[in-house]
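Colleague: To be precise about what I am sending: the file is called my_file.txt and holds compact mmCIF, C-alpha atoms and all ligand atoms.
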```
# COMPACT_ATOMS: atom_id res chain seq x y z
CA GLU A 1140 -0.62 -21.18 41.59
CA ARG A 1141 -1.18 -23.47 38.67
CA LEU A 1142 -1.22 -20.87 35.88
CA ALA A 1143 1.90 -19.15 37.22
CA ALA A 1144 3.76 -22.44 37.41
CA ASP A 1145 2.67 -23.53 33.94
CA LEU A 1146 3.13 -20.30 31.95
CA PRO A 1147 6.91 -20.55 31.41
CA GLY A 1148 7.36 -22.67 28.32
CA ALA A 1149 3.70 -22.44 27.26
CA ALA A 1150 4.73 -20.84 23.97
CA ALA A 1151 7.39 -23.49 23.37
CA ARG A 1152 4.75 -26.18 24.03
CA ASN A 1153 2.52 -24.50 21.40
CA GLU A 1154 -0.19 -23.84 23.97
CA LEU A 1155 -0.46 -20.14 23.13
CA VAL A 1156 -2.78 -19.48 20.23
CA VAL A 1157 -4.18 -16.36 18.64
CA TYR A 1158 -7.86 -15.57 18.19
CA PHE A 1159 -8.89 -13.05 15.54
CA GLN A 1160 -11.63 -10.42 15.65
CA PRO A 1161 -12.48 -8.46 12.49
CA GLN A 1162 -12.69 -4.71 12.06
CA ILE A 1163 -14.90 -3.34 9.31
CA GLU A 1164 -14.63 -0.11 7.40
CA ILE A 1165 -17.88 1.56 8.44
CA GLY A 1166 -18.51 3.22 5.08
CA THR A 1167 -18.37 -0.01 3.08
CA GLY A 1168 -18.83 -2.83 5.61
CA ARG A 1169 -15.66 -4.46 4.28
CA VAL A 1170 -13.31 -6.34 6.62
CA VAL A 1171 -10.15 -4.22 6.53
CA ALA A 1172 -8.32 -5.38 9.65
CA VAL A 1173 -8.31 -8.00 12.40
CA GLU A 1174 -7.17 -7.76 16.01
CA ALA A 1175 -5.00 -10.62 17.25
CA LEU A 1176 -5.97 -11.67 20.79
CA SER A 1177 -3.91 -14.15 22.79
CA ARG A 1178 -5.46 -17.29 24.27
CA TRP A 1179 -3.83 -20.06 26.28
CA GLU A 1180 -5.00 -23.57 25.47
CA HIS A 1181 -4.06 -25.13 28.79
CA PRO A 1182 -3.92 -28.94 28.60
CA ALA A 1183 -5.90 -29.37 31.83
CA LEU A 1184 -7.80 -26.11 32.27
CA GLY A 1185 -8.95 -25.47 28.71
CA THR A 1186 -8.98 -22.03 27.11
CA VAL A 1187 -7.57 -19.42 29.48
CA MET A 1188 -8.36 -15.74 28.79
CA PRO A 1189 -5.48 -13.20 28.61
CA ASP A 1190 -6.53 -11.25 31.70
CA ALA A 1191 -5.57 -14.39 33.67
CA TYR A 1192 -1.95 -14.51 32.42
CA ILE A 1193 -0.91 -11.32 30.55
CA PRO A 1194 -0.52 -9.18 33.72
CA PHE A 1195 1.39 -12.07 35.34
CA ALA A 1196 3.59 -12.40 32.25
CA GLU A 1197 4.29 -8.66 32.31
CA GLN A 1198 5.35 -8.76 35.96
CA ASN A 1199 7.45 -11.90 35.73
CA GLY A 1200 9.59 -11.42 32.67
CA LEU A 1201 7.47 -13.71 30.49
CA MET A 1202 5.90 -11.09 28.22
CA HIS A 1203 8.59 -11.50 25.57
CA GLU A 1204 7.73 -15.16 25.28
CA VAL A 1205 3.97 -14.56 25.19
CA GLY A 1206 4.09 -11.44 23.02
CA GLY A 1207 6.73 -12.87 20.70
CA SER A 1208 4.52 -15.85 20.00
CA VAL A 1209 1.52 -13.60 19.21
CA LEU A 1210 3.69 -11.47 16.92
CA MET A 1211 5.05 -14.51 15.04
CA ASP A 1212 1.59 -16.01 14.52
CA SER A 1213 0.17 -12.65 13.45
CA CYS A 1214 2.93 -12.01 10.94
CA ALA A 1215 2.49 -15.52 9.53
CA CYS A 1216 -1.14 -14.57 8.87
CA ILE A 1217 -0.14 -11.28 7.26
CA ARG A 1218 2.15 -13.21 4.93
CA ASP A 1219 -0.34 -15.99 4.15
CA TRP A 1220 -3.29 -13.69 3.61
CA ALA A 1221 -1.25 -11.38 1.36
CA ARG A 1222 -0.25 -14.40 -0.74
CA GLU A 1223 -3.93 -15.25 -1.13
CA GLY A 1224 -4.49 -11.71 -2.35
CA TRP A 1225 -6.50 -10.69 0.69
CA ASN A 1226 -5.79 -7.08 1.61
CA VAL A 1227 -6.20 -7.04 5.39
CA GLU A 1228 -4.22 -5.50 8.25
CA VAL A 1229 -3.46 -7.33 11.51
CA ALA A 1230 -3.44 -5.46 14.85
CA VAL A 1231 -1.26 -6.81 17.68
CA ASN A 1232 -1.37 -5.60 21.29
CA VAL A 1233 2.03 -4.62 22.64
CA ALA A 1234 2.76 -4.39 26.37
CA PRO A 1235 5.05 -1.56 27.55
CA VAL A 1236 7.67 -4.03 28.81
CA GLN A 1237 8.04 -5.32 25.26
CA LEU A 1238 8.96 -1.84 24.04
CA ALA A 1239 11.64 -1.38 26.67
CA GLY A 1240 14.00 -4.14 25.57
CA ASP A 1241 15.66 -5.13 22.28
CA ARG A 1242 13.98 -8.50 21.97
CA PHE A 1243 10.75 -7.15 20.44
CA PHE A 1244 12.69 -5.22 17.81
CA GLU A 1245 14.76 -8.31 16.99
CA ASP A 1246 11.59 -10.38 16.68
CA LEU A 1247 10.08 -7.76 14.38
CA ASP A 1248 13.14 -7.55 12.18
CA GLY A 1249 13.04 -11.32 11.86
CA VAL A 1250 9.51 -11.41 10.49
CA LEU A 1251 9.12 -8.12 8.64
CA GLY A 1252 10.57 -6.93 5.38
CA GLY A 1253 9.79 -7.08 1.68
CA ALA A 1254 6.48 -6.49 -0.01
CA SER A 1255 3.54 -8.87 -0.10
CA GLY A 1256 4.31 -12.07 -1.94
CA SER A 1257 7.74 -12.54 -0.39
CA SER A 1258 8.47 -14.97 2.43
CA VAL A 1259 8.27 -12.26 5.07
CA ALA A 1260 5.40 -10.07 6.26
CA ASP A 1261 4.68 -6.65 4.79
CA PRO A 1262 5.11 -4.13 7.67
CA SER A 1263 2.43 -1.86 6.20
CA ARG A 1264 -0.10 -4.56 7.12
CA LEU A 1265 0.96 -4.63 10.79
CA ILE A 1266 -0.73 -2.40 13.37
CA LEU A 1267 0.78 -2.26 16.87
CA GLU A 1268 -1.69 -1.31 19.62
CA ILE A 1269 -0.30 0.49 22.64
CA THR A 1270 -2.66 1.04 25.56
CA GLU A 1271 -2.82 4.73 26.28
CA SER A 1272 -2.95 4.37 30.07
CA ASP A 1273 0.29 2.36 29.99
CA ALA A 1274 2.21 4.75 27.81
CA ILE A 1275 0.96 7.89 29.47
CA ASP A 1276 3.40 8.12 32.40
CA ASP A 1277 6.46 7.71 30.31
CA VAL A 1278 5.98 9.49 26.99
CA ASP A 1279 9.62 10.56 26.81
CA ALA A 1280 10.77 6.95 27.00
CA VAL A 1281 8.04 5.49 24.80
CA ALA A 1282 7.95 8.03 21.95
CA PRO A 1283 11.43 7.22 20.54
CA ARG A 1284 10.65 3.50 20.70
CA LEU A 1285 7.46 4.12 18.73
CA ASP A 1286 9.44 6.22 16.25
CA ALA A 1287 11.77 3.26 15.72
CA LEU A 1288 8.75 1.07 15.04
CA ARG A 1289 7.23 3.59 12.66
CA GLU A 1290 10.52 3.71 10.73
CA ARG A 1291 9.99 0.02 10.04
CA GLY A 1292 6.72 0.91 8.31
CA VAL A 1293 4.24 -0.34 10.90
CA THR A 1294 1.15 1.55 12.07
CA ILE A 1295 0.94 2.71 15.69
CA SER A 1296 -2.51 2.63 17.28
CA ILE A 1297 -3.49 3.99 20.70
CA ASP A 1298 -5.78 1.46 22.40
CA ASP A 1299 -8.50 2.18 24.97
CA PHE A 1300 -8.46 5.89 24.24
CA GLY A 1301 -10.76 7.72 26.65
CA ILE A 1302 -10.98 11.49 26.67
CA GLY A 1303 -11.63 11.43 30.42
CA HIS A 1304 -8.43 9.93 31.77
CA SER A 1305 -6.13 10.84 28.97
CA SER A 1306 -4.06 13.76 27.95
CA VAL A 1307 -4.70 14.35 24.27
CA GLN A 1308 -1.40 16.18 24.05
CA ARG A 1309 0.41 13.01 25.01
CA VAL A 1310 -1.33 11.12 22.22
CA VAL A 1311 -0.02 13.79 19.87
CA ASP A 1312 3.46 13.34 21.37
CA LEU A 1313 3.31 9.60 20.69
CA ARG A 1314 2.75 10.34 16.97
CA ALA A 1315 0.18 7.59 16.59
CA THR A 1316 -1.68 7.10 13.33
CA GLU A 1317 -4.79 5.47 14.78
CA LEU A 1318 -6.97 5.84 17.87
CA LYS A 1319 -9.18 3.08 19.26
CA LEU A 1320 -12.05 4.54 21.25
CA ASP A 1321 -12.44 2.95 24.66
CA ARG A 1322 -15.28 0.43 24.68
CA ASP A 1323 -16.96 2.31 27.55
CA MET A 1324 -17.73 5.38 25.48
CA VAL A 1325 -19.15 3.26 22.68
CA VAL A 1326 -21.30 1.18 25.02
CA ARG A 1327 -22.61 4.20 26.91
CA GLN A 1328 -23.18 5.93 23.57
CA ALA A 1329 -21.62 9.02 25.08
CA THR A 1330 -22.22 10.94 21.86
CA GLY A 1331 -20.56 14.19 22.90
CA VAL A 1332 -17.40 12.47 24.10
CA VAL A 1333 -17.22 10.21 21.05
CA ALA A 1334 -17.76 13.18 18.72
CA ALA A 1335 -15.02 15.14 20.47
CA ALA A 1336 -12.59 12.23 20.29
CA ILE A 1337 -13.28 11.66 16.58
CA ASP A 1338 -12.96 15.36 15.77
CA PHE A 1339 -9.71 15.55 17.69
CA ALA A 1340 -8.33 12.48 15.91
CA HIS A 1341 -9.42 13.56 12.45
CA GLY A 1342 -8.04 17.04 13.06
CA ARG A 1343 -4.67 15.35 13.55
CA GLY A 1344 -5.07 13.04 10.56
CA LEU A 1345 -5.59 9.97 12.77
CA ARG A 1346 -7.87 7.11 11.83
CA VAL A 1347 -10.50 6.12 14.42
CA VAL A 1348 -11.70 2.65 15.39
CA GLY A 1349 -14.76 2.19 17.61
CA GLU A 1350 -14.58 -1.04 19.61
CA GLY A 1351 -16.99 -3.02 21.72
CA VAL A 1352 -19.78 -2.49 19.19
CA GLU A 1353 -22.55 -4.84 20.28
CA ASN A 1354 -25.66 -3.46 18.59
CA GLU A 1355 -26.88 -1.56 15.52
CA SER A 1356 -27.62 1.56 17.52
CA GLN A 1357 -23.97 1.85 18.59
CA LEU A 1358 -22.78 1.25 15.03
CA ARG A 1359 -25.17 3.89 13.71
CA MET A 1360 -23.85 6.42 16.23
CA LEU A 1361 -20.27 5.75 15.10
CA ALA A 1362 -21.30 6.03 11.45
CA GLU A 1363 -23.09 9.32 12.04
CA LEU A 1364 -20.09 10.75 13.88
CA GLY A 1365 -17.72 9.79 11.06
CA CYS A 1366 -15.84 6.99 12.81
CA ASP A 1367 -13.69 5.09 10.27
CA ARG A 1368 -13.76 1.50 11.51
CA ALA A 1369 -15.75 -0.67 13.91
CA GLN A 1370 -14.96 -3.80 15.92
CA GLY A 1371 -17.21 -5.76 18.26
CA TYR A 1372 -19.50 -8.70 18.90
CA LEU A 1373 -22.09 -7.23 16.49
CA ILE A 1374 -19.67 -7.93 13.66
CA ALA A 1375 -18.01 -11.06 15.07
CA ARG A 1376 -16.54 -12.48 18.27
CA PRO A 1377 -12.85 -13.34 18.47
CA ALA A 1378 -12.34 -16.81 16.94
CA PRO A 1379 -9.48 -19.20 16.18
CA ARG A 1380 -7.77 -18.72 12.84
CA ALA A 1381 -9.64 -21.40 10.85
CA ALA A 1382 -13.03 -20.29 12.16
CA PHE A 1383 -12.20 -16.65 11.49
CA GLU A 1384 -11.07 -17.42 7.93
CA GLY A 1385 -14.31 -19.32 7.32
CA TRP A 1386 -16.32 -16.41 8.65
CA ALA A 1387 -14.39 -13.92 6.51
CA ARG A 1388 -14.90 -15.98 3.35
CA ALA A 1389 -18.62 -16.16 4.03
CA ALA A 1390 -18.76 -12.43 4.78
CA GLY A 1391 -17.16 -11.80 1.39
O1 LIG B 1401 -10.60 -10.81 24.48
P1 LIG B 1401 -9.85 -10.21 25.41
O2 LIG B 1401 -10.31 -10.99 26.61
O3 LIG B 1401 -9.01 -10.99 24.39
O4 LIG B 1401 -8.52 -9.53 25.90
C1 LIG B 1401 -8.43 -9.07 27.21
C2 LIG B 1401 -7.28 -8.13 27.37
O5 LIG B 1401 -6.04 -8.79 27.09
C3 LIG B 1401 -7.36 -6.93 26.43
O6 LIG B 1401 -7.00 -5.79 27.18
C4 LIG B 1401 -6.31 -7.22 25.41
O7 LIG B 1401 -5.73 -6.04 24.92
C5 LIG B 1401 -5.30 -8.04 26.18
N1 LIG B 1401 -4.55 -8.88 25.27
C6 LIG B 1401 -5.01 -9.88 24.48
N2 LIG B 1401 -4.01 -10.41 23.74
C7 LIG B 1401 -2.89 -9.71 24.06
C8 LIG B 1401 -1.52 -9.77 23.62
O8 LIG B 1401 -1.14 -10.54 22.75
N3 LIG B 1401 -0.66 -8.88 24.19
C9 LIG B 1401 -1.04 -7.99 25.13
N4 LIG B 1401 -0.12 -7.18 25.64
N5 LIG B 1401 -2.31 -7.90 25.57
C10 LIG B 1401 -3.23 -8.75 25.04
O1 LIG B 1402 -7.02 -4.79 23.45
P1 LIG B 1402 -8.31 -4.48 24.06
O2 LIG B 1402 -8.31 -4.15 25.48
O3 LIG B 1402 -9.06 -3.47 23.31
O4 LIG B 1402 -9.04 -5.89 23.84
C1 LIG B 1402 -10.27 -5.99 23.27
C2 LIG B 1402 -11.11 -6.72 24.28
O5 LIG B 1402 -12.49 -6.44 24.03
C3 LIG B 1402 -10.97 -8.23 24.20
O6 LIG B 1402 -11.12 -8.70 25.49
C4 LIG B 1402 -12.16 -8.60 23.33
O7 LIG B 1402 -12.54 -9.96 23.50
C5 LIG B 1402 -13.19 -7.65 23.87
N1 LIG B 1402 -14.32 -7.34 22.99
C6 LIG B 1402 -14.30 -7.25 21.65
N2 LIG B 1402 -15.52 -6.90 21.17
C7 LIG B 1402 -16.32 -6.79 22.24
C8 LIG B 1402 -17.71 -6.45 22.41
O8 LIG B 1402 -18.44 -6.18 21.47
N3 LIG B 1402 -18.16 -6.41 23.69
C9 LIG B 1402 -17.38 -6.69 24.77
N4 LIG B 1402 -17.94 -6.65 25.97
N5 LIG B 1402 -16.07 -7.00 24.64
C10 LIG B 1402 -15.55 -7.06 23.40
MN MN B 1403 -6.48 -3.93 21.66
NA NA B 1404 -9.24 -1.56 23.70
```
Have the structure of the file written as structure tokens, please.
Ligand code: G
Ligand code: G
Ligand code: MN
Ligand code: NA

Modeller:
Amino acid sequence: ERLAADLPGAAARNELVVYFQPQIEIGTGRVVAVEALSRWEHPALGTVMPDAYIPFAEQNGLMHEVGGSVLMDSCACIRDWAREGWNVEVAVNVAPVQLAGDRFFEDLDGVLGGASGSSVADPSRLILEITESDAIDDVDAVAPRLDALRERGVTISIDDFGIGHSSVQRVVDLRATELKLDRDMVVRQATGVVAAAIDFAHGRGLRVVGEGVENESQLRMLAELGCDRAQGYLIARPAPRAAFEGWARAAG
């Protein structure tokens, strides 16, 4: 229908924007990273959430356009924020179809390079989030692609990691450097599962992010279990760049 007809060219019309949601280091409360989340500012329908167009984009050959736009905007922020002397990482969600082709790698090579202060983005500030359920069927195909990304100096994060439906061995095979705990286990405060996931990750030298943190009790659980970083409405909701920057300045 309408969204499907209008999505091609949305990036070229500058209708795709990125919202930012902070991640804090639990030990210090400092903002150390932000997740970039796509939004479509449709001229007639207003702000459209990604669940309404990302799956469609993935299935209809439009994910390079959508994902490329998110990557460009995110790397512009990495560059700008580094110039301002703000040491923050930016996490970008990557769909499996983006990894399969060359386009994503070409886009990356266009925007990455050099250290902070130069005209390009510092790859060590870029985190690429791969959803574990997507990658799981095809580890043999995905792992070399992730290796090629890692060689460029970016961080690979496994999103929506849930002990229940996942094979931890496959996460090892993907050679990720960060795990994001599925929101479900944070919300349910499934302490045993969260503890096991954190212990597994730390045993492998992986950093752990707890997401979907909506209240102090959930944050306290993550702190007590040694989780490294937290993201969620308790800290801040996703917001457009200017609003996020204002929030971050106020948060110190
Ligand atoms: O806030 P939220 O509604 O932003 O996001 C909903 C879902 O859409 C999440 O699973 C999120 O990972 C996904 N998503 C948001 N932005 C992007 C993006 O740029 N690329 C991909 N592949 N997924 C995204
Ligand atoms: O990429 P991923 O599937 O992890 O996307 C994160 C999703 O979680 C986005 O849709 C984002 O808006 C949403 N989100 C972030 N923080 C919270 C939270 O505290 N509670 C809930 N319910 N959703 C959140
Ligand atoms: Mn994510
Ligand atoms: Na997630």

Colleague: May I ask which of the residues A:Glu1140, A:Asp1279, A:Asp1299, A:Asp1367 is the closest one to ligand LIG 1401 (chain B), counting only C-alpha atoms and all ligand atoms?

Modeller: A:Asp1299

Colleague: Could you list the protein, DNA and RNA residues that have any atom within 8 Å of ligand LIG 1401 (chain B), counting all atoms listed in the file, and write them as an MDAnalysis selection string?

Modeller: chainID A and resid 1157:1158 1175:1178 1188:1190 1193 1202 1205:1206 1209:1210 1231:1235 1270 1298 1377

Colleague: Set the cut-off to 12 Å, count only C-alpha atoms and all ligand atoms, and list whatever residues fall near ligand MN 1403 (chain B) as a PyMOL selection string.

Modeller: chain A and resi 1159-1162+1173-1177+1189+1229-1234+1266-1271+1295-1300+1317-1322+1348-1351+1370-1371+1377

Colleague: Leaving out Ala1282 of chain A and any residue of its chain fewer than 2 positions from it, which residues lie within 12 Å of it when counting only C-alpha atoms, given as a short mmCIF file (atom, residue, chain, number, x, y, z; two decimals) with C-alpha atoms, in the frame of the given file?

Modeller:
```cif
data_model
loop_
_atom_site.label_atom_id
_atom_site.label_comp_id
_atom_site.auth_asym_id
_atom_site.auth_seq_id
_atom_site.Cartn_x
_atom_site.Cartn_y
_atom_site.Cartn_z
CA PRO A 1235 5.05 -1.56 27.55
CA LEU A 1238 8.96 -1.84 24.04
CA ALA A 1239 11.64 -1.38 26.67
CA ILE A 1269 -0.30 0.49 22.64
CA ALA A 1274 2.21 4.75 27.81
CA ILE A 1275 0.96 7.89 29.47
CA ASP A 1276 3.40 8.12 32.40
CA ASP A 1277 6.46 7.71 30.31
CA VAL A 1278 5.98 9.49 26.99
CA ASP A 1279 9.62 10.56 26.81
CA ALA A 1280 10.77 6.95 27.00
CA ARG A 1284 10.65 3.50 20.70
CA LEU A 1285 7.46 4.12 18.73
CA ASP A 1286 9.44 6.22 16.25
CA ALA A 1287 11.77 3.26 15.72
CA LEU A 1288 8.75 1.07 15.04
CA ARG A 1289 7.23 3.59 12.66
CA ILE A 1295 0.94 2.71 15.69
CA ARG A 1309 0.41 13.01 25.01
CA VAL A 1310 -1.33 11.12 22.22
CA VAL A 1311 -0.02 13.79 19.87
CA ASP A 1312 3.46 13.34 21.37
CA LEU A 1313 3.31 9.60 20.69
CA ARG A 1314 2.75 10.34 16.97
CA ALA A 1315 0.18 7.59 16.59
#
```

Colleague: For atom O7 of ligand LIG 1402 (chain B) and atom CA of Thr1186 of chain A, determine how far apart the two atoms are, in Å to one decimal place.

Modeller: 13.1 Å

Colleague: Would you please work out which residue, of A:Ala1183, A:Ala1150, A:Val1170, A:Ala1221, is nearest to His1203 of chain A when using only C-alpha atoms?

Modeller: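 With only C-alpha atoms as the atom set, the closest residue is A:Ala1150.
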
Colleague: Mind checking which residues fall within 7 Å of Val1250 of chain A, counting only C-alpha atoms, ignoring those fewer than 3 positions away in the same chain, and posting them as a list in words?

Modeller: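 In the requested format, the answer is Cys1214, Asp1246, Leu1247, Val1259 and Ala1260 of chain A.
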
Colleague: Please identify all polymer residues within 9 Å of Ile1337 of chain A, counting all atoms listed in the file, omitting same-chain residues fewer than 6 positions from it, and present them as JSON, numbers by chain.

Modeller: {"A": [1318, 1320, 1345, 1346, 1347, 1364, 1365, 1366]}

Colleague: How many Å separate atom CA of Asp1212 of chain A from atom CA of Leu1373 of chain A?

Modeller: 25.3 Å

Colleague: What does the structure give for the distance between atom CA of Ile1163 of chain A and atom CA of Gln1328 of chain A, in Å to one decimal?

Modeller: 18.9 Å

Colleague: For Leu1358 of chain A, which residue out of A:Thr1330, A:Leu1146, A:Val1171, A:Arg1152 is the nearest one, using all atoms listed in the file?

Modeller: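 The answer is A:Thr1330, which sits nearest to Leu1358 of chain A.
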
Colleague: Rank nothing, just name the residue among A:Val1293, A:Ala1387, A:Ala1378, A:Val1281 nearest to ligand LIG 1402 (chain B), using all atoms listed in the file.

Modeller: A:Ala1378

Colleague: Quick one: of A:Val1156, A:Leu1361, A:Ala1191, A:Ala1196, who's nearest to Gly1331 of chain A, counting only C-alpha atoms?

Modeller: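 Answer, going by the shortest atom-to-atom distance: A:Leu1361.
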
Colleague: Once you add 3 Å to each side, what are the centre and edge lengths of the axis-aligned box holding all listed atoms of ligand LIG 1402 (chain B)? One decimal in Å, as JSON, if you can.

Modeller:
```
{"center_x": -12.7, "center_y": -6.7, "center_z": 23.6, "size_x": 17.4, "size_y": 12.5, "size_z": 10.8}
```

Colleague: Under the rule that only C-alpha atoms are counted, which of A:Val1332, A:Leu1184, A:Arg1327, A:Asp1338 is the nearest residue to Ser1356 of chain A?

Modeller: A:Arg1327
